[in-house]
$ cat data_20.csv   # CSV, C-alpha atoms
chain,number,residue,atom,x,y,z
A,88,MET,CA,-11.6,7.6,5.7
A,89,HIS,CA,-10.5,7.3,2.1
A,90,LEU,CA,-7.2,6.0,0.7
A,91,LYS,CA,-5.3,9.0,-0.5
A,92,MET,CA,-1.9,7.5,-1.1
A,93,VAL,CA,0.4,4.5,-0.6
A,94,THR,CA,3.9,5.5,0.5
A,95,ILE,CA,7.1,3.6,-0.1
A,96,ASP,CA,10.1,4.2,2.1
A,97,CYS,CA,13.4,4.4,0.2
A,98,ALA,CA,16.9,5.8,0.3
A,99,GLU,CA,16.5,8.1,-2.8
A,100,PRO,CA,12.9,9.1,-3.5
A,101,ARG,CA,13.8,10.9,-6.8
A,102,ASP,CA,15.7,7.9,-8.1
A,103,LEU,CA,12.9,5.5,-7.3
A,104,ALA,CA,10.3,8.0,-8.6
A,105,GLU,CA,11.9,7.6,-12.1
A,106,PHE,CA,11.0,4.0,-12.1
A,107,TRP,CA,7.5,4.4,-10.7
A,108,VAL,CA,6.6,7.4,-13.0
A,109,ALA,CA,7.4,5.2,-16.0
A,110,ALA,CA,5.9,2.1,-14.5
A,111,LEU,CA,2.6,3.8,-13.8
A,112,ASN,CA,2.7,6.2,-16.7
A,113,THR,CA,2.2,9.1,-14.4
A,114,LYS,CA,4.1,12.2,-13.3
A,115,VAL,CA,5.6,13.8,-10.2
A,116,ALA,CA,2.9,15.9,-8.5
A,117,SER,CA,5.1,17.4,-5.7
A,118,ASP,CA,8.7,17.1,-4.6
A,119,TYR,CA,9.6,18.3,-1.1
A,120,GLU,CA,13.3,18.8,-1.6
A,121,GLY,CA,13.8,15.2,-2.6
A,122,HIS,CA,12.7,14.0,0.9
A,123,PHE,CA,9.2,13.2,-0.2
A,124,VAL,CA,8.2,12.8,-3.8
A,125,MET,CA,4.5,12.3,-4.6
A,126,LEU,CA,3.3,10.9,-7.8
A,127,ALA,CA,0.0,11.9,-9.3
A,128,PRO,CA,-2.8,9.4,-9.3
A,129,TRP,CA,-2.5,7.2,-12.4
A,130,ASP,CA,-5.8,5.4,-12.6
A,131,SER,CA,-9.5,5.9,-11.8
A,132,SER,CA,-8.8,5.0,-8.1
A,133,GLY,CA,-7.4,8.5,-7.6
A,134,VAL,CA,-4.8,7.1,-5.2
A,135,GLY,CA,-1.3,8.6,-5.4
A,136,LEU,CA,2.1,7.0,-4.8
A,137,GLY,CA,4.5,8.6,-2.3
A,138,LEU,CA,8.2,8.0,-2.1
A,139,GLN,CA,9.7,8.9,1.3
A,140,ARG,CA,13.3,9.1,2.3
A,141,VAL,CA,14.3,7.0,5.3
A,142,SER,CA,17.7,6.2,6.7
A,143,GLU,CA,17.0,2.5,7.2
A,144,GLY,CA,17.8,0.1,4.4
A,145,LEU,CA,15.5,-2.5,3.1
A,146,ASP,CA,15.5,-5.5,5.5
A,147,GLY,CA,13.6,-8.5,4.2
A,148,LYS,CA,10.5,-8.5,2.2
A,149,ASN,CA,8.2,-5.4,2.5
A,150,ARG,CA,5.2,-6.4,4.6
A,151,VAL,CA,2.7,-4.3,2.7
A,152,HIS,CA,2.6,-4.3,-1.1
A,153,LEU,CA,0.8,-3.0,-4.1
A,154,ASP,CA,-1.4,-5.4,-6.2
A,155,LEU,CA,-1.7,-3.9,-9.7
A,156,HIS,CA,-3.9,-5.5,-12.3
A,157,THR,CA,-3.7,-5.4,-16.0
A,158,GLU,CA,-5.2,-7.1,-19.1
A,159,ASP,CA,-1.8,-7.8,-20.5
A,160,ARG,CA,0.4,-9.3,-17.8
A,161,ALA,CA,3.1,-10.6,-20.1
A,162,GLY,CA,3.5,-7.3,-21.9
A,163,GLU,CA,3.5,-5.3,-18.7
A,164,VAL,CA,6.0,-7.5,-17.0
A,165,ASP,CA,8.3,-7.2,-20.0
A,166,ARG,CA,7.9,-3.5,-19.9
A,167,LEU,CA,8.6,-3.3,-16.1
A,168,VAL,CA,11.7,-5.5,-16.4
A,169,GLY,CA,12.9,-3.1,-19.1
A,170,LEU,CA,12.4,-0.2,-16.7
A,171,GLY,CA,14.5,-1.9,-14.0
A,172,ALA,CA,12.2,-4.3,-12.1
A,173,THR,CA,13.1,-7.9,-11.4
A,174,ILE,CA,10.9,-10.9,-11.6
A,175,VAL,CA,10.7,-12.6,-8.2
A,176,ASP,CA,8.0,-15.3,-8.7
A,177,GLU,CA,5.0,-16.4,-10.7
A,178,GLN,CA,1.8,-17.5,-9.0
A,179,ASN,CA,-1.7,-18.5,-9.8
A,180,VAL,CA,-5.0,-19.6,-8.4
A,181,PRO,CA,-8.1,-20.5,-10.3
A,182,GLY,CA,-9.2,-17.3,-12.1
A,183,LEU,CA,-6.1,-15.3,-11.4
A,184,ALA,CA,-2.4,-15.3,-12.3
A,185,TRP,CA,0.1,-12.9,-11.1
A,186,THR,CA,3.8,-12.0,-11.2
A,187,VAL,CA,5.7,-10.9,-8.2
A,188,LEU,CA,8.2,-8.3,-9.1
A,189,ALA,CA,10.7,-6.1,-7.2
A,190,ASP,CA,11.2,-2.5,-8.0
A,191,PRO,CA,14.8,-1.2,-8.4
A,192,ALA,CA,15.0,-0.6,-4.6
A,193,GLY,CA,13.9,-4.2,-3.8
A,194,ASN,CA,10.2,-3.5,-2.9
A,195,VAL,CA,8.0,-6.3,-4.1
A,196,PHE,CA,4.7,-5.7,-5.8
A,197,CYS,CA,2.4,-7.9,-7.9
A,198,VAL,CA,1.0,-7.6,-11.4
A,199,GLY,CA,-2.1,-9.7,-11.8
A,200,GLN,CA,-4.4,-10.6,-14.5
A,201,SER,CA,-7.8,-12.3,-14.4
A,202,GLU,CA,-8.1,-15.6,-16.3
A,203,GLN,CA,-11.0,-17.5,-17.7
B,45,MET,CA,-2.2,-1.0,-14.8
B,46,HIS,CA,-4.6,-0.1,-12.1
B,47,LEU,CA,-4.4,-0.5,-8.3
B,48,LYS,CA,-6.6,-3.4,-7.4
B,49,MET,CA,-5.6,-4.0,-3.8
B,50,VAL,CA,-3.0,-3.3,-1.1
B,51,THR,CA,-1.9,-6.4,0.8
B,52,ILE,CA,-0.6,-6.6,4.3
B,53,ASP,CA,1.4,-9.7,5.5
B,54,CYS,CA,0.4,-10.9,8.9
B,55,ALA,CA,0.3,-14.0,11.1
B,56,GLU,CA,-3.5,-14.3,11.4
B,57,PRO,CA,-5.4,-12.7,8.6
B,58,ARG,CA,-8.8,-13.3,10.1
B,59,ASP,CA,-7.8,-11.6,13.4
B,60,LEU,CA,-6.3,-8.6,11.6
B,61,ALA,CA,-9.3,-8.5,9.3
B,62,GLU,CA,-11.5,-7.8,12.3
B,63,PHE,CA,-9.7,-4.6,13.0
B,64,TRP,CA,-9.5,-3.4,9.4
B,65,VAL,CA,-13.2,-4.3,8.6
B,66,ALA,CA,-14.2,-2.0,11.5
B,67,ALA,CA,-11.6,0.6,10.8
B,68,LEU,CA,-12.6,1.0,7.2
B,69,ASN,CA,-16.3,0.2,7.7
B,70,THR,CA,-16.2,-2.5,5.1
B,71,LYS,CA,-16.7,-6.3,5.0
B,72,VAL,CA,-14.9,-9.4,4.0
B,73,ALA,CA,-15.2,-10.1,0.3
B,74,SER,CA,-13.4,-13.4,0.2
B,75,ASP,CA,-11.6,-15.7,2.6
B,76,TYR,CA,-9.3,-18.4,1.3
B,77,GLU,CA,-9.3,-20.8,4.3
B,78,GLY,CA,-7.9,-18.0,6.5
B,79,HIS,CA,-4.7,-17.8,4.5
B,80,PHE,CA,-5.8,-14.8,2.5
B,81,VAL,CA,-8.7,-12.6,3.5
B,82,MET,CA,-9.7,-9.8,1.1
B,83,LEU,CA,-11.8,-6.9,2.2
B,84,ALA,CA,-14.2,-5.2,-0.1
B,85,PRO,CA,-13.3,-1.7,-1.4
B,86,TRP,CA,-14.5,0.8,1.2
B,87,ASP,CA,-14.3,4.1,-0.7
B,88,SER,CA,-14.6,5.5,-4.2
B,89,SER,CA,-11.1,4.4,-5.1
B,90,GLY,CA,-12.4,0.9,-5.5
B,91,VAL,CA,-9.2,-0.5,-4.0
B,92,GLY,CA,-9.5,-3.5,-1.7
B,93,LEU,CA,-7.4,-4.5,1.3
B,94,GLY,CA,-5.8,-8.0,1.4
B,95,LEU,CA,-4.5,-9.7,4.5
B,96,GLN,CA,-2.1,-12.5,3.7
B,97,ARG,CA,-0.7,-15.1,6.1
B,98,VAL,CA,3.1,-15.3,6.3
B,99,SER,CA,5.4,-17.1,8.6
B,100,GLU,CA,7.8,-14.2,9.2
B,101,GLY,CA,7.1,-11.9,12.0
B,102,LEU,CA,7.1,-8.1,11.8
B,103,ASP,CA,10.7,-6.9,11.8
B,104,GLY,CA,11.0,-3.1,12.1
B,105,LYS,CA,8.7,-0.6,10.5
B,106,ASN,CA,6.8,-1.7,7.4
B,107,ARG,CA,8.4,0.0,4.4
B,108,VAL,CA,5.1,0.6,2.5
B,109,HIS,CA,2.1,2.1,4.2
B,110,LEU,CA,-1.4,3.3,3.7
B,111,ASP,CA,-2.1,7.0,3.9
B,112,LEU,CA,-5.8,7.5,4.7
B,113,HIS,CA,-7.5,10.9,4.8
B,114,THR,CA,-10.4,12.1,6.7
B,115,GLU,CA,-12.2,15.4,7.6
B,116,ASP,CA,-12.2,14.4,11.3
B,117,ARG,CA,-8.8,13.3,12.2
B,118,ALA,CA,-9.3,13.6,16.0
B,119,GLY,CA,-12.5,11.6,15.9
B,120,GLU,CA,-11.1,8.9,13.6
B,121,VAL,CA,-8.0,8.5,15.7
B,122,ASP,CA,-10.1,8.1,18.8
B,123,ARG,CA,-12.2,5.5,17.0
B,124,LEU,CA,-9.2,3.6,15.7
B,125,VAL,CA,-7.6,3.5,19.1
B,126,GLY,CA,-10.8,2.1,20.5
B,127,LEU,CA,-10.6,-0.6,17.9
B,128,GLY,CA,-7.1,-1.6,18.9
B,129,ALA,CA,-4.7,0.8,17.1
B,130,THR,CA,-1.9,2.5,18.8
B,131,ILE,CA,-0.8,6.1,18.2
B,132,VAL,CA,2.9,6.2,17.1
B,133,ASP,CA,3.4,9.9,16.2
B,134,GLU,CA,1.8,13.1,15.2
B,135,GLN,CA,3.2,15.1,12.3
B,136,ASN,CA,2.4,18.2,10.3
B,137,VAL,CA,3.5,20.3,7.4
B,138,PRO,CA,1.8,23.5,6.2
B,139,GLY,CA,-1.6,22.5,5.0
B,140,LEU,CA,-1.6,18.9,6.3
B,141,ALA,CA,-1.5,17.2,9.7
B,142,TRP,CA,-1.4,13.5,10.2
B,143,THR,CA,-1.3,10.9,12.9
B,144,VAL,CA,0.9,7.8,12.5
B,145,LEU,CA,-0.9,4.8,14.0
B,146,ALA,CA,0.0,1.1,14.2
B,147,ASP,CA,-2.7,-1.6,13.6
B,148,PRO,CA,-3.0,-4.4,16.2
B,149,ALA,CA,-0.3,-6.4,14.3
B,150,GLY,CA,2.1,-3.4,14.4
B,151,ASN,CA,1.8,-2.2,10.8
B,152,VAL,CA,2.0,1.6,10.7
B,153,PHE,CA,-0.4,3.7,8.7
B,154,CYS,CA,-1.3,7.3,8.6
B,155,VAL,CA,-4.5,9.2,9.0
B,156,GLY,CA,-4.2,12.7,7.6
B,157,GLN,CA,-6.4,15.8,7.4
B,158,SER,CA,-6.0,18.9,5.3
B,159,GLU,CA,-5.7,22.1,7.2
B,160,GLN,CA,-6.4,25.7,6.2
$ encode --input "data_20.csv" --output "structure tokens"
Amino acid sequence: MHLKMVTIDCAEPRDLAEFWVAALNTKVASDYEGHFVMLAPWDSSGVGLGLQRVSEGLDGKNRVHLDLHTEDRAGEVDRLVGLGATIVDEQNVPGLAWTVLADPAGNVFCVGQSEQ
Amino acid sequence: MHLKMVTIDCAEPRDLAEFWVAALNTKVASDYEGHFVMLAPWDSSGVGLGLQRVSEGLDGKNRVHLDLHTEDRAGEVDRLVGLGATIVDEQNVPGLAWTVLADPAGNVFCVGQSEQ
């Protein structure tokens, strides 16, 4: 089995897609009448991002989250905040530092960077 | 930014890792005293799976989920159920059919297969 996509439940897939398209510098690959919006893979992993309409609201922290990596954490975090993300926390362990952010719908994700 | 990992919150990372190691036919890449267990990438995406200990229990459906694909959905679903997964639902749209499963900790994920 291979990882084809990671899907995020949300109230308004098209709205949330605007953030993630910009965040990942990708584009919408398909849009099923606004109920399911699939973003094209944005990196060499070939994994896509799905945004799926659900009726339930966000209740607490999402239990599964994306861990993105970058070589410029500070710059990427600034860019993401400019797009509508919110900084939740900063963390580090030896060799790795990461920022926990929430997307505009409140889903947390991490942006990490390896450190010497 | 590239997708490095998808992380699942759970009560007992080592226990849940047993399921996912077998499900994905991969191995444990690192284990931080049982608090965080990282599984090695299992496919060409290079994405890893993280299992992170949290104190909160599962409350409702996880809002972010993995979409795995296979060429043998029936066989893979049987195998996963044998490993401890539970079938939650079957769905299809033209060209794609998928099974919604829950891992032993209750996290839902999908196993899809393209159809002619």
$ closest_residue --input "data_20.csv" --among "B:Ser158, B:Leu145, B:Gly101, B:Gly150" --to "B:Asp116" --atoms "only C-alpha atoms"
B:Ser158
$ closest_residue --input "data_20.csv" --among "A:Pro128, A:Gly182, A:Gly133, A:Gly169" --to "chain B" --atoms "all atoms listed in the file"
A:Gly133
$ residues_around --input "data_20.csv" --residues "A:Trp129" --least-positions-apart "4" --cutoff "8 Å" --atoms "all atoms listed in the file" --output "list in words"
Leu111, Asn112, Thr113, Gly133, Val134 and Gly135 of chain A; His46 of chain B
$ residues_near_point --input "data_20.csv" --point "(7.9, -6.0, -5.9)" --cutoff "8 Å" --atoms "only C-alpha atoms" --output "MDAnalysis selection string"
chainID A and resid 152:153 172:173 175 187:190 193:197
$ interface_residues --input "data_20.csv" --of "chain B" --to "chain A" --cutoff "6 Å" --atoms "all atoms listed in the file" --output "list in words"
Met45, His46, Leu47, Lys48, Met49, Val50, Thr51, Ile52, Asp53, Asp87, Ser89, Asn106, Arg107, Val108, His109, Leu110, Asp111, Leu112, His113 and Thr114 of chain B
$ atom_distance --input "data_20.csv" --atom1 "atom CA of B:Arg58" --atom2 "atom CA of B:Val81"
6.6 Å
$ closest_residue --input "data_20.csv" --among "A:Ala98, A:Gln203, A:Leu167, A:Ser142" --to "A:Ala184" --atoms "all atoms listed in the file"
A:Gln203
$ closest_residue --input "data_20.csv" --among "A:Arg166, A:Val108, A:Asp102, A:Phe123" --to "B:Val137" --atoms "all atoms listed in the file"
A:Phe123
$ atom_distance --input "data_20.csv" --atom1 "atom CA of B:Arg97" --atom2 "atom CA of A:Asn179"
16.3 Å
$ atom_distance --input "data_20.csv" --atom1 "atom CA of B:Glu56" --atom2 "atom CA of B:Ala118"
28.9 Å
$ closest_residue --input "data_20.csv" --among "A:Gly171, A:Pro181, A:Pro191, A:Gly121" --to "A:Leu103" --atoms "all atoms listed in the file"
A:Pro191
